[in-house]
>>> print(open('final-v2.cif').read())   # mmCIF, C-alpha atoms
data_data
loop_
_atom_site.label_atom_id
_atom_site.label_comp_id
_atom_site.auth_asym_id
_atom_site.auth_seq_id
_atom_site.Cartn_x
_atom_site.Cartn_y
_atom_site.Cartn_z
CA MET A 49 110.23 93.20 60.14
CA GLU A 50 106.83 94.08 58.66
CA ASN A 51 105.95 90.39 58.60
CA LEU A 52 106.83 90.07 62.30
CA ILE A 53 104.69 93.10 63.18
CA PHE A 54 101.79 91.62 61.19
CA LYS A 55 102.12 88.29 63.04
CA ILE A 56 102.14 90.08 66.42
CA LYS A 57 99.00 92.02 65.51
CA MET A 58 97.20 88.87 64.33
CA PHE A 59 98.23 87.02 67.49
CA ALA A 60 96.86 89.90 69.60
CA ILE A 61 93.56 89.89 67.73
CA ARG A 62 93.11 86.10 68.00
CA ASN A 63 93.97 86.07 71.71
CA GLU A 64 92.39 89.36 72.75
CA ASN A 65 90.42 87.90 75.69
CA LYS A 66 93.40 86.06 77.16
CA LEU A 67 95.70 89.05 76.69
CA SER A 68 93.26 91.45 78.34
CA ILE A 69 92.85 89.18 81.37
CA GLY A 70 96.62 88.79 81.50
CA ALA A 71 97.07 92.56 81.37
CA LEU A 72 94.62 93.01 84.26
CA VAL A 73 96.27 90.31 86.39
CA PHE A 74 99.75 91.60 85.59
CA GLY A 75 98.78 95.14 86.61
CA PHE A 76 97.32 93.88 89.89
CA ILE A 77 100.43 91.80 90.66
CA VAL A 78 102.77 94.72 89.91
CA ASP A 79 100.78 96.96 92.27
CA ASN A 80 100.79 94.48 95.13
CA LEU A 81 104.53 93.93 94.81
CA THR A 82 105.54 97.58 94.58
CA LEU A 83 103.05 99.78 96.44
CA ARG A 84 103.41 100.50 100.16
CA ARG A 85 102.09 103.95 101.10
CA SER A 86 100.13 106.62 99.32
CA ASP A 87 102.58 109.39 100.27
CA LEU A 88 105.79 107.82 98.94
CA LEU A 89 107.34 109.35 95.82
CA ALA A 90 108.02 106.00 94.12
CA GLU A 91 104.42 104.85 94.55
CA ASN A 92 103.02 108.07 93.16
CA LEU A 93 105.41 107.97 90.21
CA VAL A 94 104.02 104.50 89.42
CA LEU A 95 100.45 105.83 89.61
CA LEU A 96 101.39 108.79 87.44
CA ALA A 97 102.95 106.41 84.92
CA TYR A 98 99.70 104.42 84.82
CA ILE A 99 97.71 107.60 84.17
CA LEU A 100 100.10 108.60 81.38
CA ILE A 101 99.86 105.12 79.84
CA ALA A 102 96.06 105.20 80.01
CA GLY A 103 96.00 108.67 78.45
CA THR A 104 98.39 107.57 75.72
CA GLY A 105 96.20 104.56 74.97
CA ILE A 106 93.15 106.81 74.68
CA LEU A 107 94.97 109.14 72.27
CA ILE A 108 96.30 106.27 70.12
CA GLN A 109 92.94 104.58 69.86
CA ASN A 110 90.94 107.67 69.02
CA ARG A 111 93.59 108.92 66.60
CA SER A 112 93.30 105.56 64.84
CA PHE A 113 89.51 105.88 64.65
CA GLU A 114 89.89 109.45 63.39
CA LYS A 115 91.91 108.21 60.41
CA ASP A 116 89.67 105.22 59.67
CA PRO A 117 86.45 104.73 61.70
CA GLU A 118 86.01 101.25 60.22
CA ARG A 119 89.50 100.02 61.11
CA LYS A 120 88.63 98.05 64.24
CA LYS A 121 91.65 95.76 64.28
CA HIS A 122 93.99 98.51 65.40
CA HIS A 123 92.21 99.10 68.70
CA THR A 124 93.71 95.98 70.33
CA PRO A 125 97.18 97.31 71.30
CA SER A 126 95.74 100.55 72.67
CA MET A 127 93.06 98.65 74.57
CA LEU A 128 95.76 96.52 76.19
CA LEU A 129 97.58 99.70 77.18
CA MET A 130 94.44 101.08 78.77
CA GLN A 131 93.50 97.83 80.50
CA PHE A 132 96.99 97.40 81.92
CA ALA A 133 97.05 100.98 83.18
CA PHE A 134 93.52 101.03 84.58
CA GLY A 135 94.01 97.60 86.14
CA GLY A 136 97.08 98.93 87.94
CA LEU A 137 95.29 102.11 89.01
CA TRP A 138 92.17 100.42 90.38
CA SER A 139 94.14 97.78 92.25
CA ALA A 140 96.40 100.47 93.74
CA PHE A 141 93.46 102.61 94.82
CA LEU A 142 91.70 99.57 96.22
CA ILE A 143 94.81 98.74 98.28
CA PHE A 144 95.40 102.29 99.49
CA TYR A 145 91.82 103.23 100.28
CA THR A 146 91.02 99.91 101.96
CA ARG A 147 93.93 100.46 104.34
CA SER A 148 92.39 103.81 105.34
CA ALA A 149 88.77 102.67 105.36
CA THR A 150 86.22 101.48 107.88
CA LEU A 151 84.12 99.19 105.70
CA GLU A 152 80.93 99.85 107.69
CA VAL A 153 81.23 103.50 106.67
CA SER A 154 83.20 103.56 103.42
CA TRP A 155 81.87 100.44 101.70
CA PRO A 156 80.16 102.36 98.82
CA PHE A 157 83.46 103.99 97.82
CA ILE A 158 85.42 100.76 98.21
CA LEU A 159 82.74 98.99 96.17
CA LEU A 160 83.17 101.61 93.44
CA MET A 161 86.93 100.90 93.31
CA LEU A 162 86.29 97.14 93.31
CA LEU A 163 83.71 97.40 90.51
CA ALA A 164 86.14 99.53 88.51
CA LEU A 165 88.82 96.85 88.93
CA LEU A 166 86.52 93.93 88.05
CA GLY A 167 84.81 95.90 85.31
CA ASN A 168 88.16 96.49 83.69
CA GLU A 169 87.68 93.07 82.11
CA VAL A 170 83.88 92.71 82.15
CA TRP A 171 83.25 96.03 80.38
CA LYS A 172 86.24 95.89 78.05
CA LYS A 173 84.11 96.50 74.96
CA HIS A 174 83.25 99.91 76.38
CA TYR A 175 86.90 100.92 76.00
CA LEU A 176 85.95 101.69 72.39
CA ARG A 177 83.76 104.52 73.69
CA LEU A 178 85.32 107.87 74.47
CA PRO A 179 82.98 108.78 77.39
CA PHE A 180 83.85 105.50 79.12
CA GLN A 181 87.58 106.07 78.60
CA ILE A 182 87.53 109.66 79.85
CA GLY A 183 85.19 108.83 82.73
CA GLY A 184 87.57 106.16 83.97
CA LEU A 185 90.59 108.41 83.55
CA PHE A 186 88.87 111.28 85.37
CA LEU A 187 87.90 109.00 88.26
CA ALA A 188 91.51 107.83 88.54
CA ILE A 189 92.91 111.38 88.48
CA TYR A 190 90.34 112.53 91.05
CA ALA A 191 91.00 109.56 93.35
CA MET A 192 94.75 110.25 93.21
CA SER A 193 94.30 113.98 93.79
CA ILE A 194 92.24 113.32 96.93
CA PHE A 195 95.24 111.94 98.82
CA LEU A 196 98.00 113.89 97.05
CA VAL A 197 96.70 117.41 97.68
CA PRO A 198 96.62 117.04 101.51
CA ILE A 199 100.25 115.88 101.40
CA PHE A 200 101.32 119.01 99.55
CA ILE A 201 99.23 121.58 101.44
CA LYS A 202 99.80 119.86 104.84
CA SER A 203 96.08 119.85 105.62
CA ILE A 204 93.10 117.56 105.20
CA GLY A 205 89.50 118.65 105.04
CA GLY A 206 87.05 120.58 102.88
CA ILE A 207 89.65 122.88 101.33
CA SER A 208 91.91 120.02 100.28
CA PHE A 209 88.97 118.14 98.76
CA VAL A 210 87.82 121.18 96.77
CA LEU A 211 91.37 121.73 95.53
CA SER A 212 91.55 118.03 94.57
CA GLY A 213 88.42 118.40 92.46
CA ILE A 214 89.67 121.57 90.78
CA LEU A 215 93.01 119.92 89.99
CA ALA A 216 91.32 116.82 88.53
CA VAL A 217 89.00 118.94 86.35
CA ILE A 218 91.89 121.08 85.04
CA ILE A 219 93.91 117.98 84.13
CA ILE A 220 91.03 116.19 82.38
CA LEU A 221 90.10 119.33 80.42
CA GLY A 222 93.73 119.61 79.32
CA ILE A 223 93.65 116.00 78.13
CA LEU A 224 90.42 116.64 76.24
CA LYS A 225 91.99 119.64 74.54
CA ILE A 226 94.89 117.46 73.34
CA LEU A 227 92.42 114.78 72.21
CA LYS A 228 90.39 117.36 70.30
CA PHE A 229 93.54 118.38 68.43
CA PHE A 230 94.46 114.81 67.40
CA ALA A 231 90.95 113.41 66.88
CA PRO A 232 88.50 116.31 66.35
CA THR A 233 85.80 114.26 64.64
CA VAL A 234 85.75 111.54 67.29
CA PHE A 235 85.77 114.16 70.04
CA GLU A 236 82.87 116.18 68.61
CA ARG A 237 80.82 113.03 68.08
CA SER A 238 81.03 112.14 71.80
CA ARG A 239 81.60 115.59 73.31
CA LYS A 240 78.25 115.93 75.11
CA LYS A 241 78.28 112.41 76.59
CA THR A 242 81.90 112.84 77.66
CA TYR A 243 81.19 116.03 79.59
CA ILE A 244 78.10 114.46 81.18
CA THR A 245 80.21 111.49 82.29
CA ILE A 246 82.77 113.82 83.89
CA ALA A 247 79.97 115.70 85.69
CA VAL A 248 78.42 112.45 86.98
CA VAL A 249 81.75 111.19 88.34
CA ALA A 250 82.44 114.54 90.03
CA LEU A 251 78.93 114.66 91.52
CA LEU A 252 79.19 111.10 92.82
CA LEU A 253 82.51 111.73 94.56
CA ASN A 254 81.25 114.98 96.07
CA VAL A 255 78.17 113.20 97.44
CA PHE A 256 80.46 110.54 98.92
CA TYR A 257 82.54 113.27 100.52
CA VAL A 258 79.56 115.15 101.98
CA PHE A 259 78.38 111.94 103.66
CA ASN A 260 81.92 111.06 104.85
CA ILE A 261 82.04 107.90 102.74
CA ILE A 262 85.46 108.53 101.16
CA PRO A 263 88.26 107.18 103.41
CA PRO A 264 90.52 109.97 104.75
CA LEU A 265 93.72 109.11 102.90
CA PRO A 266 96.60 109.72 103.46
CA LEU A 267 95.75 109.03 107.13
CA VAL A 268 95.94 105.31 107.98
CA LEU A 269 95.02 103.59 111.25
CA LYS A 270 97.95 101.32 112.10
CA ASP A 271 96.66 99.94 115.42
CA ALA A 272 93.77 100.40 117.84
CA GLY A 273 92.13 98.64 120.75
CA ALA A 274 90.23 98.95 124.04
CA TYR A 275 92.06 98.34 127.33
CA HIS A 276 91.70 98.40 131.12
CA ASN A 277 94.46 100.81 131.95
CA LEU A 278 97.33 102.52 130.21
CA THR A 279 100.68 103.98 131.15
CA ARG A 280 103.18 105.81 128.95
CA THR A 281 106.92 106.21 129.42
CA SER A 282 109.07 109.15 128.36
CA GLN A 283 110.32 106.96 125.46
CA ASN A 284 106.74 106.86 124.12
CA ILE A 285 106.25 103.21 125.11
CA TYR A 286 102.71 102.32 126.07
CA THR A 287 101.82 99.56 128.52
CA MET A 288 98.21 98.41 128.47
CA TYR A 289 96.13 95.66 130.02
CA GLU A 290 93.41 93.56 128.47
CA ASP A 291 91.30 90.60 129.55
CA LYS A 292 92.54 87.13 128.76
CA GLU A 293 90.13 85.62 126.26
CA ARG A 294 89.33 81.98 125.58
CA TRP A 295 90.60 80.62 122.28
CA TYR A 296 87.10 80.47 120.82
CA GLN A 297 86.57 84.17 121.59
CA PHE A 298 89.26 85.20 119.11
CA PHE A 299 86.65 85.89 116.42
CA MET A 300 84.23 87.62 118.81
CA ARG A 301 83.99 91.25 119.86
CA PRO A 302 86.33 91.85 122.85
CA THR A 303 84.86 92.45 126.29
CA LEU A 304 86.25 94.76 128.94
CA LYS A 305 85.47 93.34 132.36
CA LEU A 306 85.73 96.44 134.53
CA LEU A 307 85.64 96.76 138.31
CA PRO A 308 83.21 99.30 139.82
CA GLY A 309 84.49 102.80 139.09
CA GLU A 310 87.16 101.61 136.65
CA SER A 311 87.61 103.57 133.42
CA ALA A 312 87.83 102.29 129.86
CA TYR A 313 90.78 103.26 127.65
CA VAL A 314 91.09 103.29 123.85
CA PHE A 315 94.54 103.32 122.23
CA SER A 316 95.20 104.21 118.60
CA ALA A 317 98.21 104.68 116.32
CA ILE A 318 97.62 106.69 113.16
CA TYR A 319 100.06 107.13 110.31
CA SER A 320 100.19 110.64 108.86
CA PRO A 321 102.69 111.93 106.28
CA GLN A 322 105.56 114.16 107.33
CA ASP A 323 104.41 117.59 108.57
CA LEU A 324 100.73 116.71 108.26
CA ASN A 325 100.01 117.48 111.92
CA ILE A 326 96.29 117.62 112.65
CA PRO A 327 93.88 116.90 115.48
CA VAL A 328 91.68 113.82 115.33
CA VAL A 329 88.70 112.85 117.43
CA HIS A 330 87.99 109.82 119.59
CA HIS A 331 84.20 109.70 119.34
CA TRP A 332 82.79 107.54 122.15
CA GLN A 333 79.36 106.05 121.47
CA TYR A 334 77.11 103.43 123.05
CA PHE A 335 74.34 101.35 121.53
CA ASP A 336 70.82 102.14 122.72
CA TYR A 337 68.96 98.84 122.46
CA LYS A 338 65.54 100.45 122.98
CA GLU A 339 66.03 102.90 120.12
CA ALA A 340 68.21 100.45 118.13
CA ARG A 341 70.77 103.16 117.33
CA TRP A 342 74.18 104.45 118.31
CA VAL A 343 74.19 107.40 120.72
CA SER A 344 77.07 109.86 120.99
CA SER A 345 78.51 110.00 124.50
CA SER A 346 81.57 112.25 124.16
CA LYS A 347 84.13 113.52 121.67
CA ILE A 348 87.75 113.84 122.72
CA ASP A 349 90.20 115.76 120.52
CA VAL A 350 93.63 114.18 120.24
CA PRO A 351 96.51 115.73 118.22
CA ILE A 352 98.64 113.64 115.87
CA PHE A 353 102.03 114.43 114.35
CA GLY A 354 103.10 113.07 110.98
CA GLY A 355 106.13 111.16 109.77
CA ARG A 356 106.14 108.20 112.16
CA GLU A 357 106.26 104.92 110.25
CA THR A 358 104.36 102.91 112.89
CA GLY A 359 101.87 105.70 113.47
CA TYR A 360 101.50 108.43 116.06
CA LYS A 361 100.35 106.84 119.31
CA MET A 362 97.65 108.40 121.47
CA TYR A 363 94.75 107.41 123.69
CA SER A 364 91.60 108.60 125.37
CA PHE A 365 89.66 107.27 128.35
CA LYS A 366 86.16 107.53 129.73
CA ASN A 367 85.08 107.30 133.35
CA SER A 368 81.32 107.11 133.15
CA VAL A 369 80.96 103.91 131.21
CA PHE A 370 78.20 101.41 131.85
CA PRO A 371 77.65 97.81 130.70
CA GLY A 372 76.68 97.32 127.10
CA LEU A 373 77.98 97.66 123.57
CA TRP A 374 80.37 100.54 122.93
CA ARG A 375 82.41 101.83 120.05
CA VAL A 376 84.97 104.58 119.52
CA ASP A 377 85.17 106.09 116.06
CA ILE A 378 88.55 107.63 115.30
CA GLU A 379 87.62 110.54 113.06
CA THR A 380 88.90 113.67 111.39
CA LEU A 381 87.44 116.94 112.64
CA ARG A 382 84.80 116.92 109.89
CA GLY A 383 83.74 113.35 110.73
CA GLN A 384 85.59 111.12 108.24
CA THR A 385 86.17 107.78 109.94
CA ILE A 386 89.82 106.70 110.06
CA GLY A 387 89.06 103.59 112.13
CA ARG A 388 86.66 102.08 114.61
CA VAL A 389 87.04 100.13 117.85
CA LYS A 390 84.06 98.07 119.03
CA PHE A 391 83.87 96.37 122.41
CA ASN A 392 81.51 95.20 125.13
CA ILE A 393 81.69 96.48 128.68
CA LYS A 394 80.83 94.22 131.58
CA ARG A 395 81.01 95.14 135.26
CA VAL A 396 82.54 92.54 137.61
CA GLU A 397 83.23 92.46 141.35
CA THR A 398 86.57 90.70 141.26
CA ARG A 399 89.55 91.13 138.96
CA GLU A 400 90.12 88.39 136.42
CA GLU A 401 93.43 87.56 134.78
CA LEU A 402 94.84 90.35 132.60
CA ILE A 403 97.37 90.31 129.78
CA THR A 404 100.03 93.00 129.56
CA VAL A 405 100.41 94.59 126.12
CA VAL A 406 103.40 96.79 125.28
CA LYS A 407 103.42 99.02 122.19
#
>>> encode(input="final-v2.cif", output="structure tokens")
Amino acid sequence: MENLIFKIKMFAIRNENKLSIGALVFGFIVDNLTLRRSDLLAENLVLLAYILIAGTGILIQNRSFEKDPERKKHHTPSMLLMQFAFGGLWSAFLIFYTRSATLEVSWPFILLMLLALLGNEVWKKHYLRLPFQIGGLFLAIYAMSIFLVPIFIKSIGGISFVLSGILAVIIILGILKILKFFAPTVFERSRKKTYITIAVVALLLNVFYVFNIIPPLPLVLKDAGAYHNLTRTSQNIYTMYEDKERWYQFFMRPTLKLLPGESAYVFSAIYSPQDLNIPVVHHWQYFDYKEARWVSSSKIDVPIFGGRETGYKMYSFKNSVFPGLWRVDIETLRGQTIGRVKFNIKRVETREELITVVK
């Protein structure tokens, strides 16, 4: 038995690079096959398991270094644990947050998640360093808290974000207390850098939040578009009309060809967890070519009700629209962008062929 364990350890040491890449790929595959929504119990149990595995790997590695700082061979199994767990976490967060993101607005946060995922392999040598380990774990706990807290308190906004930060800090301090008990020498050697790393991660995420860069999970835009007209039945079925486009216009921004006096409509369907019933805003804007900037035209509050798998359907319309480039940002009350609809408006004298859309 001892001989078998020795052979496994030697195999892991000789093939460390291949095993670490395999752990990263395996974690990413598992996430893509199992994760659906950020508010489902099964998905969050998987994420919690990843966090526990990562924390266990950190404890095992630093306990090993506490006993023998020169014993570098024993870090391989714990590194694989951490890489598998962090690979699963970053891929899950990348999937979840991308679904809730408008890349034009949230690209810095999405880039952070992507760099964390790619860096899981590129920066693997840094897994030997406690500040790097704890910084990654704190980022994961914070990112998970951001979308879990609103689900539990049935609200999304400044209060939920503050509570998310407090929860993440309490958890990471608890982990550090356990680590200090099992590996006091290692902890004291890196204590200052570890706390600085935690502070930097917290500051970065708070800056992202202040500037509305973090996607507003658990809200997810399921569908959205600009249309000519819209009718709704008592069974919540929407009938809309859009211009028939040429095949080569599929990759271009849609154009609403409106008759004089005709209004523009924007439809959206937003998924919200059960009992998370909040108002959102359809923020109509047009592009001022002289000033080369977007100008706010109107903000229309629209309530949404949670628990509908395909999203809560609603719409807004605007009468005083003129030719040019328009967009409607679908936002939370504090301005986080859930989704964006961009379209051109062109005035015509005669009606062209329209396509009927039913949703």
>>> resolve_selection(input="final-v2.cif", expression="the PyMOL selection byres ((chain A and resi 181-186) around 9)", output="NGL selection string")
:A and (99 or 102-103 or 106 or 130 or 134 or 164 or 174-180 or 187-191 or 216-217 or 219-220 or 223-224 or 242-243 or 245-246 or 248-250)
>>> resolve_selection(input="final-v2.cif", expression="the PyMOL selection byres ((chain A and resi 147) around 12)", output="ChimeraX atom specification")
/A:84-86,140-146,148-151,154,158,263-271,318-319,386-387
>>> closest_residue(input="final-v2.cif", among="A:Val405, A:Val210, A:Pro232, A:Asn92", to="Gly273 in chain A", atoms="all atoms listed in the file")
A:Val405
>>> atom_distance(input="final-v2.cif", atom1="CA of Glu379 in chain A", atom2="CA of Lys366 in chain A")
17.0 Å
>>> atom_distance(input="final-v2.cif", atom1="CA of Ala231 in chain A", atom2="CA of Gln109 in chain A")
9.5 Å
>>> residues_near_point(input="final-v2.cif", point="(105.2, 107.4, 126.2)", cutoff="12 Å", atoms="only C-alpha atoms", output="PyMOL selection string")
chain A and resi 278-288+360-363+406-407
>>> closest_residue(input="final-v2.cif", among="A:Ser112, A:Ile214, A:Pro371, A:Ala247", to="Phe230 in chain A", atoms="only C-alpha atoms")
A:Ser112
>>> atom_distance(input="final-v2.cif", atom1="CA of Leu215 in chain A", atom2="CA of Val197 in chain A")
8.9 Å
>>> resolve_selection(input="final-v2.cif", expression="the PyMOL selection byres ((chain A and resi 88) around 12)", output="list in words")
Thr82, Leu83, Arg84, Arg85, Ser86, Asp87, Leu89, Ala90, Glu91, Asn92, Leu93, Val94, Leu95, Phe144, Phe195, Leu196, Ile199, Pro266, Ser320, Pro321, Gln322, Gly355 and Glu357 of chain A
>>> closest_residue(input="final-v2.cif", among="A:Arg356, A:Lys347, A:Lys240, A:Lys115", to="Asn325 in chain A", atoms="all atoms listed in the file")
A:Arg356
>>> closest_residue(input="final-v2.cif", among="A:Ile378, A:Phe353, A:Pro308, A:Arg237", to="Phe113 in chain A", atoms="all atoms listed in the file")
A:Arg237
>>> closest_residue(input="final-v2.cif", among="A:Ala133, A:Leu381, A:Val255, A:Ile393", to="Ala312 in chain A", atoms="all atoms listed in the file")
A:Ile393
